[in-house]
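Enquirer: Contents of my_file-v8.cif (mmCIF, C-alpha atoms):
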```cif
data_upload
#
loop_
_atom_site.label_atom_id
_atom_site.label_comp_id
_atom_site.auth_asym_id
_atom_site.auth_seq_id
_atom_site.Cartn_x
_atom_site.Cartn_y
_atom_site.Cartn_z
CA MET A 1 -18.94 27.31 -9.58
CA ASN A 2 -18.98 27.38 -5.81
CA ARG A 3 -15.94 25.52 -4.40
CA LYS A 4 -14.99 24.83 -0.81
CA ILE A 5 -11.36 24.24 -1.64
CA SER A 6 -9.05 27.12 -2.44
CA ILE A 7 -7.11 26.35 -5.61
CA PHE A 8 -4.15 27.86 -7.29
CA ILE A 9 -3.67 26.87 -10.93
CA THR A 10 -0.59 27.63 -12.92
CA SER A 11 0.45 26.34 -16.25
CA LEU A 12 2.73 23.34 -16.40
CA LEU A 13 4.75 24.29 -19.37
CA PHE A 14 8.21 24.36 -20.86
CA VAL A 15 9.79 24.02 -24.27
CA PHE A 16 13.00 22.21 -25.14
CA SER A 17 13.76 24.33 -28.19
CA GLY A 18 16.05 27.32 -27.83
CA LEU A 19 14.51 28.89 -30.93
CA TYR A 20 11.92 30.81 -28.94
CA ALA A 21 12.39 33.76 -26.64
CA THR A 22 12.16 32.37 -23.17
CA ALA A 23 11.97 33.63 -19.65
CA GLU A 24 12.79 31.48 -16.66
CA GLU A 25 9.70 31.32 -14.47
CA SER A 26 8.26 29.01 -11.89
CA THR A 27 5.78 26.46 -13.13
CA GLY A 28 3.70 23.77 -11.56
CA THR A 29 0.16 23.01 -10.56
CA ARG A 30 -0.07 22.40 -6.88
CA ILE A 31 -3.44 22.32 -5.21
CA LYS A 32 -3.47 24.35 -2.03
CA ASP A 33 -4.60 22.83 1.22
CA MET A 34 -7.76 24.30 2.64
CA ASP A 35 -5.70 26.00 5.37
CA SER A 36 -3.10 27.49 3.03
CA SER A 37 -3.65 31.07 1.97
CA TYR A 38 -0.60 31.41 -0.27
CA PRO A 39 0.12 29.65 -3.55
CA GLN A 40 3.21 27.51 -3.67
CA THR A 41 5.56 27.63 -6.63
CA VAL A 42 7.46 24.45 -7.08
CA VAL A 43 9.37 23.83 -10.28
CA TRP A 44 11.54 26.01 -12.51
CA PHE A 45 11.62 25.67 -16.30
CA SER A 46 12.09 27.89 -19.30
CA GLU A 47 9.06 28.54 -21.44
CA PRO A 48 7.91 30.65 -24.41
CA ASN A 49 6.89 34.20 -23.52
CA GLU A 50 3.29 33.50 -24.56
CA ILE A 51 3.00 30.71 -22.00
CA THR A 52 4.66 32.85 -19.34
CA GLY A 53 2.10 35.54 -20.10
CA ILE A 54 -0.82 33.13 -19.74
CA ARG A 55 0.49 31.85 -16.42
CA THR A 56 1.04 35.42 -15.19
CA LEU A 57 -2.55 36.29 -16.07
CA LEU A 58 -3.73 33.30 -14.03
CA GLN A 59 -1.61 34.36 -11.08
CA GLU A 60 -3.11 37.85 -11.30
CA GLY A 61 -6.63 36.41 -11.31
CA LYS A 62 -7.32 37.48 -14.90
CA LYS A 63 -8.90 34.17 -15.82
CA ASP A 64 -10.99 35.34 -18.79
CA LEU A 65 -8.00 37.00 -20.41
CA ALA A 66 -5.83 33.92 -19.72
CA VAL A 67 -8.37 31.70 -21.49
CA GLU A 68 -8.57 34.14 -24.41
CA LYS A 69 -4.77 34.26 -24.78
CA ALA A 70 -4.47 30.47 -24.48
CA ARG A 71 -7.13 29.98 -27.18
CA GLU A 72 -5.31 32.44 -29.45
CA TYR A 73 -2.00 30.67 -28.86
CA VAL A 74 -3.45 27.23 -29.65
CA ALA A 75 -5.15 28.60 -32.78
CA ARG A 76 -1.86 30.08 -34.05
CA LEU A 77 -0.12 26.74 -33.56
CA LYS A 78 -2.46 24.94 -35.98
CA ASN A 79 -0.54 26.45 -38.90
CA ILE A 80 2.94 25.58 -37.62
CA SER A 81 4.84 22.50 -38.71
CA GLY A 82 8.17 20.97 -37.85
CA PRO A 83 9.55 19.13 -34.84
CA GLU A 84 8.96 22.03 -32.46
CA ALA A 85 5.28 22.29 -33.38
CA LYS A 86 4.32 19.13 -31.53
CA GLN A 87 5.88 20.36 -28.29
CA LEU A 88 4.37 23.82 -28.68
CA ARG A 89 0.91 22.34 -29.24
CA TYR A 90 1.32 20.13 -26.17
CA PHE A 91 2.13 23.06 -23.94
CA GLY A 92 -0.46 25.29 -25.60
CA TYR A 93 -3.24 22.80 -24.85
CA ASN A 94 -1.90 22.33 -21.34
CA ALA A 95 -2.00 26.11 -20.78
CA LEU A 96 -5.55 26.22 -22.13
CA CYS A 97 -6.51 23.39 -19.78
CA ALA A 98 -5.08 25.23 -16.77
CA ALA A 99 -6.83 28.48 -17.73
CA LEU A 100 -10.19 26.77 -18.30
CA THR A 101 -9.82 24.84 -15.03
CA SER A 102 -9.25 28.09 -13.17
CA LYS A 103 -12.57 29.36 -14.56
CA GLY A 104 -14.40 26.15 -13.64
CA GLU A 105 -14.97 25.16 -17.27
CA ILE A 106 -14.01 21.60 -16.46
CA ASN A 107 -15.37 19.67 -19.46
CA GLU A 108 -13.55 21.88 -21.95
CA ALA A 109 -10.45 21.87 -19.72
CA VAL A 110 -10.37 18.07 -19.65
CA ASP A 111 -10.74 18.04 -23.44
CA ALA A 112 -7.76 20.41 -23.83
CA CYS A 113 -5.60 18.33 -21.50
CA THR A 114 -6.64 15.13 -23.22
CA ARG A 115 -5.49 16.63 -26.52
CA ALA A 116 -2.13 17.43 -24.94
CA VAL A 117 -1.82 13.91 -23.52
CA LYS A 118 -2.57 12.44 -26.97
CA ILE A 119 0.13 14.63 -28.50
CA ASN A 120 2.76 13.39 -26.04
CA PRO A 121 1.70 10.78 -23.47
CA SER A 122 5.25 10.51 -22.13
CA LEU A 123 5.14 13.98 -20.56
CA TRP A 124 3.71 14.48 -17.08
CA GLN A 125 2.42 18.06 -17.14
CA ALA A 126 -0.92 17.59 -18.91
CA LEU A 127 -1.67 14.49 -16.83
CA ASN A 128 -1.10 16.51 -13.67
CA THR A 129 -3.17 19.44 -14.96
CA ARG A 130 -6.00 17.14 -16.05
CA GLY A 131 -5.83 15.47 -12.64
CA THR A 132 -6.39 18.89 -11.09
CA ALA A 133 -9.43 19.48 -13.32
CA TYR A 134 -10.84 16.12 -12.27
CA TYR A 135 -10.08 16.89 -8.61
CA ILE A 136 -11.96 20.17 -8.76
CA SER A 137 -14.96 18.51 -10.39
CA GLY A 138 -15.08 15.80 -7.72
CA LYS A 139 -13.95 13.00 -10.05
CA ASN A 140 -11.42 11.80 -7.52
CA GLU A 141 -10.76 8.38 -9.04
CA LEU A 142 -9.89 9.93 -12.40
CA ALA A 143 -7.76 12.57 -10.68
CA LEU A 144 -5.85 9.91 -8.78
CA LYS A 145 -5.35 7.86 -11.95
CA ASP A 146 -3.81 10.85 -13.78
CA TYR A 147 -1.66 11.85 -10.81
CA LEU A 148 -0.32 8.30 -10.51
CA LYS A 149 0.55 8.23 -14.22
CA ALA A 150 2.30 11.59 -13.84
CA LEU A 151 4.18 10.29 -10.79
CA ASP A 152 5.40 7.28 -12.75
CA ILE A 153 6.78 9.62 -15.44
CA VAL A 154 8.60 11.98 -13.03
CA LYS A 155 10.27 9.33 -10.87
CA GLY A 156 13.87 10.32 -10.27
CA SER A 157 13.23 14.06 -10.22
CA GLU A 158 12.65 14.95 -6.57
CA PRO A 159 10.96 18.37 -7.01
CA LEU A 160 8.52 16.92 -9.53
CA VAL A 161 7.86 13.85 -7.40
CA ASP A 162 7.12 16.13 -4.44
CA LEU A 163 4.69 18.22 -6.50
CA VAL A 164 2.75 15.22 -7.81
CA GLN A 165 2.80 13.40 -4.45
CA HIS A 166 1.34 16.52 -2.82
CA ASN A 167 -1.59 16.40 -5.23
CA ILE A 168 -1.99 12.64 -4.71
CA GLY A 169 -2.09 13.17 -0.96
CA LEU A 170 -4.84 15.75 -1.25
CA VAL A 171 -7.01 13.61 -3.50
CA GLU A 172 -6.51 10.57 -1.26
CA LYS A 173 -7.46 12.68 1.77
CA LYS A 174 -10.57 13.89 -0.04
CA MET A 175 -11.48 10.33 -1.04
CA ALA A 176 -11.01 9.06 2.52
CA GLY A 177 -13.22 11.86 3.85
CA SER A 178 -16.05 11.02 1.46
CA LYS A 179 -16.35 7.41 2.65
#
```
Could I get this structure in the form of structure tokens?
Expert:
Amino acid sequence: MNRKISIFITSLLFVFSGLYATAEESTGTRIKDMDSSYPQTVVWFSEPNEITGIRTLLQEGKKDLAVEKAREYVARLKNISGPEAKQLRYFGYNALCAALTSKGEINEAVDACTRAVKINPSLWQALNTRGTAYYISGKNELALKDYLKALDIVKGSEPLVDLVQHNIGLVEKKMAGSK
């Protein structure tokens, strides 16, 4: 897919359970401005090593491998039960969405994010990631709708508000330019 806008996609993932080996890494999906040549990392969370690995693959430009690892991770989670399973599935689908978005496989990416949102609509990450998929595909109204929902969820957390407001600003700028 030929895009005019340079985009940096990272997974928006973290897990609340301390039962999993974690590594503290930066997370966040922030769309780069057209003039920006460097990705911006925004938010710090702890996350399972598998998710860290998927995000690292995306940062290294290994999109196919990131999608493959995300699919494997989601498939493994289908057989897991318990309170942690719901959270793991949420972040697994969100990682898959980010990886598919980076490859331009937008329809499947939106489906993965929608699954995550259905699992836990009170979390902001999948809404923000799905907003990015919509933004890339030119569905600006849908992108804005998801970003605004994400913003409502993160109110009170300044770094998260800044991240989501950045994305809102870019989609609003794009919408104003297309009129």
Enquirer: Using all atoms listed in the file, which residue out of A:Thr56, A:Ser178, A:Asn167, A:Ser137 lies closest to Glu105 of chain A?
Expert: A:Ser137
Enquirer: With the PyMOL selection byres ((chain A and resi 144) around 8) as the selection, what would be picked from this file? Answer as a PDB file with C-alpha atoms, in the coordinates of the input, please.
Expert:
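Contents of the output file out_20.pdb:
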```pdb
ATOM      1  CA  GLY A 131      -5.830  15.470 -12.640  1.00  0.00           C
ATOM      2  CA  ASN A 140     -11.420  11.800  -7.520  1.00  0.00           C
ATOM      3  CA  GLU A 141     -10.760   8.380  -9.040  1.00  0.00           C
ATOM      4  CA  LEU A 142      -9.890   9.930 -12.400  1.00  0.00           C
ATOM      5  CA  ALA A 143      -7.760  12.570 -10.680  1.00  0.00           C
ATOM      6  CA  LYS A 145      -5.350   7.860 -11.950  1.00  0.00           C
ATOM      7  CA  ASP A 146      -3.810  10.850 -13.780  1.00  0.00           C
ATOM      8  CA  TYR A 147      -1.660  11.850 -10.810  1.00  0.00           C
ATOM      9  CA  LEU A 148      -0.320   8.300 -10.510  1.00  0.00           C
ATOM     10  CA  ILE A 168      -1.990  12.640  -4.710  1.00  0.00           C
ATOM     11  CA  VAL A 171      -7.010  13.610  -3.500  1.00  0.00           C
ATOM     12  CA  GLU A 172      -6.510  10.570  -1.260  1.00  0.00           C
TER      13      GLU A 172
END
```
Enquirer: Find the residue from A:Met175, A:Pro121, A:Val110, A:Ala70 that sits nearest to Leu96 of chain A; use all atoms listed in the file when measuring.
Expert: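 Among the listed residues, the smallest separation from Leu96 of chain A belongs to A:Ala70.
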Enquirer: So how far away is atom CA of Ser122 of chain A from atom CA of Ile54 of chain A, in Å?
Expert: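 Computing it gives 23.5 Å between the two atoms.
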Enquirer: Provide the atom CA of Leu88 of chain A to atom CA of Val117 of chain A distance in Å, to one decimal place.
Expert: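 Separation between atom CA of Leu88 of chain A and atom CA of Val117 of chain A: 12.8 Å.
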Enquirer: Measuring atom to atom with only C-alpha atoms, identify which of A:Cys113, A:Ala150, A:Ala95, A:Ala85 is nearest to Glu72 of chain A.
Expert: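 For Glu72 of chain A, the nearest of the given residues is A:Ala95.
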Enquirer: Just checking: using all atoms listed in the file, which residue out of A:Ala98, A:Pro48, A:Ala109, A:Leu65 ends up closest to Glu84 of chain A?
Expert: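 Smallest distance to Glu84 of chain A is found for A:Pro48.
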Enquirer: Once the PyMOL selection byres ((chain A and resi 99-101) around 10) has been evaluated on this model, what residues remain selected, and can you format them as a count of residues only?
Expert: 41
Enquirer: Atom CA of Gln87 of chain A and atom CA of Ala116 of chain A are how many Å apart?
Expert: 9.2 Å
Enquirer: Taking all atoms listed in the file into account, name the residue in A:Gly156, A:His166, A:Gly92, A:Asn49 that is nearest to Arg76 of chain A.
Expert: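 Closest to Arg76 of chain A, using all atoms listed in the file: A:Gly92.
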Enquirer: Given only C-alpha atoms as the basis, pick out the residue of A:Arg115, A:Asn79, A:Gly169, A:Phe91 nearest to Thr52 of chain A.
Expert: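 When distances to Thr52 of chain A are compared using only C-alpha atoms, the smallest one comes from A:Phe91.
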Enquirer: Missing atoms in segment 137-162 of chain A should be modelled up to N, CA and C atoms and reported as a PDB file, keeping the file's coordinate frame.
Expert:
```pdb
ATOM      1  N   SER A 137     -13.599  18.914 -10.033  1.00  0.00           N
ATOM      2  CA  SER A 137     -14.960  18.510 -10.390  1.00  0.00           C
ATOM      3  C   SER A 137     -15.478  17.357  -9.534  1.00  0.00           C
ATOM      4  N   GLY A 138     -14.645  16.872  -8.608  1.00  0.00           N
ATOM      5  CA  GLY A 138     -15.080  15.800  -7.720  1.00  0.00           C
ATOM      6  C   GLY A 138     -14.890  14.408  -8.299  1.00  0.00           C
ATOM      7  N   LYS A 139     -14.221  14.306  -9.434  1.00  0.00           N
ATOM      8  CA  LYS A 139     -13.950  13.000 -10.050  1.00  0.00           C
ATOM      9  C   LYS A 139     -12.616  12.493  -9.512  1.00  0.00           C
ATOM     10  N   ASN A 140     -12.649  12.126  -8.239  1.00  0.00           N
ATOM     11  CA  ASN A 140     -11.420  11.800  -7.520  1.00  0.00           C
ATOM     12  C   ASN A 140     -10.688  10.586  -8.066  1.00  0.00           C
ATOM     13  N   GLU A 141     -11.419   9.576  -8.502  1.00  0.00           N
ATOM     14  CA  GLU A 141     -10.760   8.380  -9.040  1.00  0.00           C
ATOM     15  C   GLU A 141      -9.982   8.711 -10.310  1.00  0.00           C
ATOM     16  N   LEU A 142     -10.584   9.527 -11.172  1.00  0.00           N
ATOM     17  CA  LEU A 142      -9.890   9.930 -12.400  1.00  0.00           C
ATOM     18  C   LEU A 142      -8.699  10.823 -12.081  1.00  0.00           C
ATOM     19  N   ALA A 143      -8.867  11.708 -11.098  1.00  0.00           N
ATOM     20  CA  ALA A 143      -7.760  12.570 -10.680  1.00  0.00           C
ATOM     21  C   ALA A 143      -6.590  11.721 -10.189  1.00  0.00           C
ATOM     22  N   LEU A 144      -6.889  10.767  -9.327  1.00  0.00           N
ATOM     23  CA  LEU A 144      -5.850   9.910  -8.780  1.00  0.00           C
ATOM     24  C   LEU A 144      -5.149   9.125  -9.889  1.00  0.00           C
ATOM     25  N   LYS A 145      -5.908   8.623 -10.833  1.00  0.00           N
ATOM     26  CA  LYS A 145      -5.350   7.860 -11.950  1.00  0.00           C
ATOM     27  C   LYS A 145      -4.343   8.720 -12.733  1.00  0.00           C
ATOM     28  N   ASP A 146      -4.725   9.959 -13.039  1.00  0.00           N
ATOM     29  CA  ASP A 146      -3.810  10.850 -13.780  1.00  0.00           C
ATOM     30  C   ASP A 146      -2.593  11.211 -12.944  1.00  0.00           C
ATOM     31  N   TYR A 147      -2.796  11.509 -11.669  1.00  0.00           N
ATOM     32  CA  TYR A 147      -1.660  11.850 -10.810  1.00  0.00           C
ATOM     33  C   TYR A 147      -0.689  10.678 -10.697  1.00  0.00           C
ATOM     34  N   LEU A 148      -1.202   9.458 -10.610  1.00  0.00           N
ATOM     35  CA  LEU A 148      -0.320   8.300 -10.510  1.00  0.00           C
ATOM     36  C   LEU A 148       0.468   8.082 -11.801  1.00  0.00           C
ATOM     37  N   LYS A 149      -0.164   8.322 -12.940  1.00  0.00           N
ATOM     38  CA  LYS A 149       0.550   8.230 -14.220  1.00  0.00           C
ATOM     39  C   LYS A 149       1.644   9.295 -14.280  1.00  0.00           C
ATOM     40  N   ALA A 150       1.314  10.505 -13.846  1.00  0.00           N
ATOM     41  CA  ALA A 150       2.300  11.590 -13.840  1.00  0.00           C
ATOM     42  C   ALA A 150       3.458  11.239 -12.910  1.00  0.00           C
ATOM     43  N   LEU A 151       3.141  10.672 -11.750  1.00  0.00           N
ATOM     44  CA  LEU A 151       4.180  10.290 -10.790  1.00  0.00           C
ATOM     45  C   LEU A 151       5.125   9.260 -11.394  1.00  0.00           C
ATOM     46  N   ASP A 152       4.582   8.305 -12.116  1.00  0.00           N
ATOM     47  CA  ASP A 152       5.400   7.280 -12.750  1.00  0.00           C
ATOM     48  C   ASP A 152       6.387   7.913 -13.743  1.00  0.00           C
ATOM     49  N   ILE A 153       5.944   8.949 -14.443  1.00  0.00           N
ATOM     50  CA  ILE A 153       6.780   9.620 -15.440  1.00  0.00           C
ATOM     51  C   ILE A 153       7.894  10.429 -14.775  1.00  0.00           C
ATOM     52  N   VAL A 154       7.625  11.073 -13.639  1.00  0.00           N
ATOM     53  CA  VAL A 154       8.600  11.980 -13.030  1.00  0.00           C
ATOM     54  C   VAL A 154       9.554  11.305 -12.049  1.00  0.00           C
ATOM     55  N   LYS A 155       9.394  10.023 -11.821  1.00  0.00           N
ATOM     56  CA  LYS A 155      10.270   9.330 -10.870  1.00  0.00           C
ATOM     57  C   LYS A 155      11.725   9.644 -11.175  1.00  0.00           C
ATOM     58  N   GLY A 156      12.459   9.976 -10.124  1.00  0.00           N
ATOM     59  CA  GLY A 156      13.870  10.320 -10.270  1.00  0.00           C
ATOM     60  C   GLY A 156      14.121  11.808 -10.223  1.00  0.00           C
ATOM     61  N   SER A 157      13.090  12.606 -10.319  1.00  0.00           N
ATOM     62  CA  SER A 157      13.230  14.060 -10.220  1.00  0.00           C
ATOM     63  C   SER A 157      12.493  14.523  -8.960  1.00  0.00           C
ATOM     64  N   GLU A 158      13.242  14.707  -7.888  1.00  0.00           N
ATOM     65  CA  GLU A 158      12.650  14.950  -6.570  1.00  0.00           C
ATOM     66  C   GLU A 158      11.653  16.115  -6.518  1.00  0.00           C
ATOM     67  N   PRO A 159      11.951  17.290  -7.087  1.00  0.00           N
ATOM     68  CA  PRO A 159      10.960  18.370  -7.010  1.00  0.00           C
ATOM     69  C   PRO A 159       9.640  18.015  -7.688  1.00  0.00           C
ATOM     70  N   LEU A 160       9.740  17.310  -8.812  1.00  0.00           N
ATOM     71  CA  LEU A 160       8.520  16.920  -9.530  1.00  0.00           C
ATOM     72  C   LEU A 160       7.773  15.839  -8.772  1.00  0.00           C
ATOM     73  N   VAL A 161       8.497  14.896  -8.209  1.00  0.00           N
ATOM     74  CA  VAL A 161       7.860  13.850  -7.400  1.00  0.00           C
ATOM     75  C   VAL A 161       7.126  14.487  -6.235  1.00  0.00           C
ATOM     76  N   ASP A 162       7.757  15.448  -5.574  1.00  0.00           N
ATOM     77  CA  ASP A 162       7.120  16.130  -4.440  1.00  0.00           C
ATOM     78  C   ASP A 162       5.829  16.829  -4.867  1.00  0.00           C
TER      79      ASP A 162
END
```
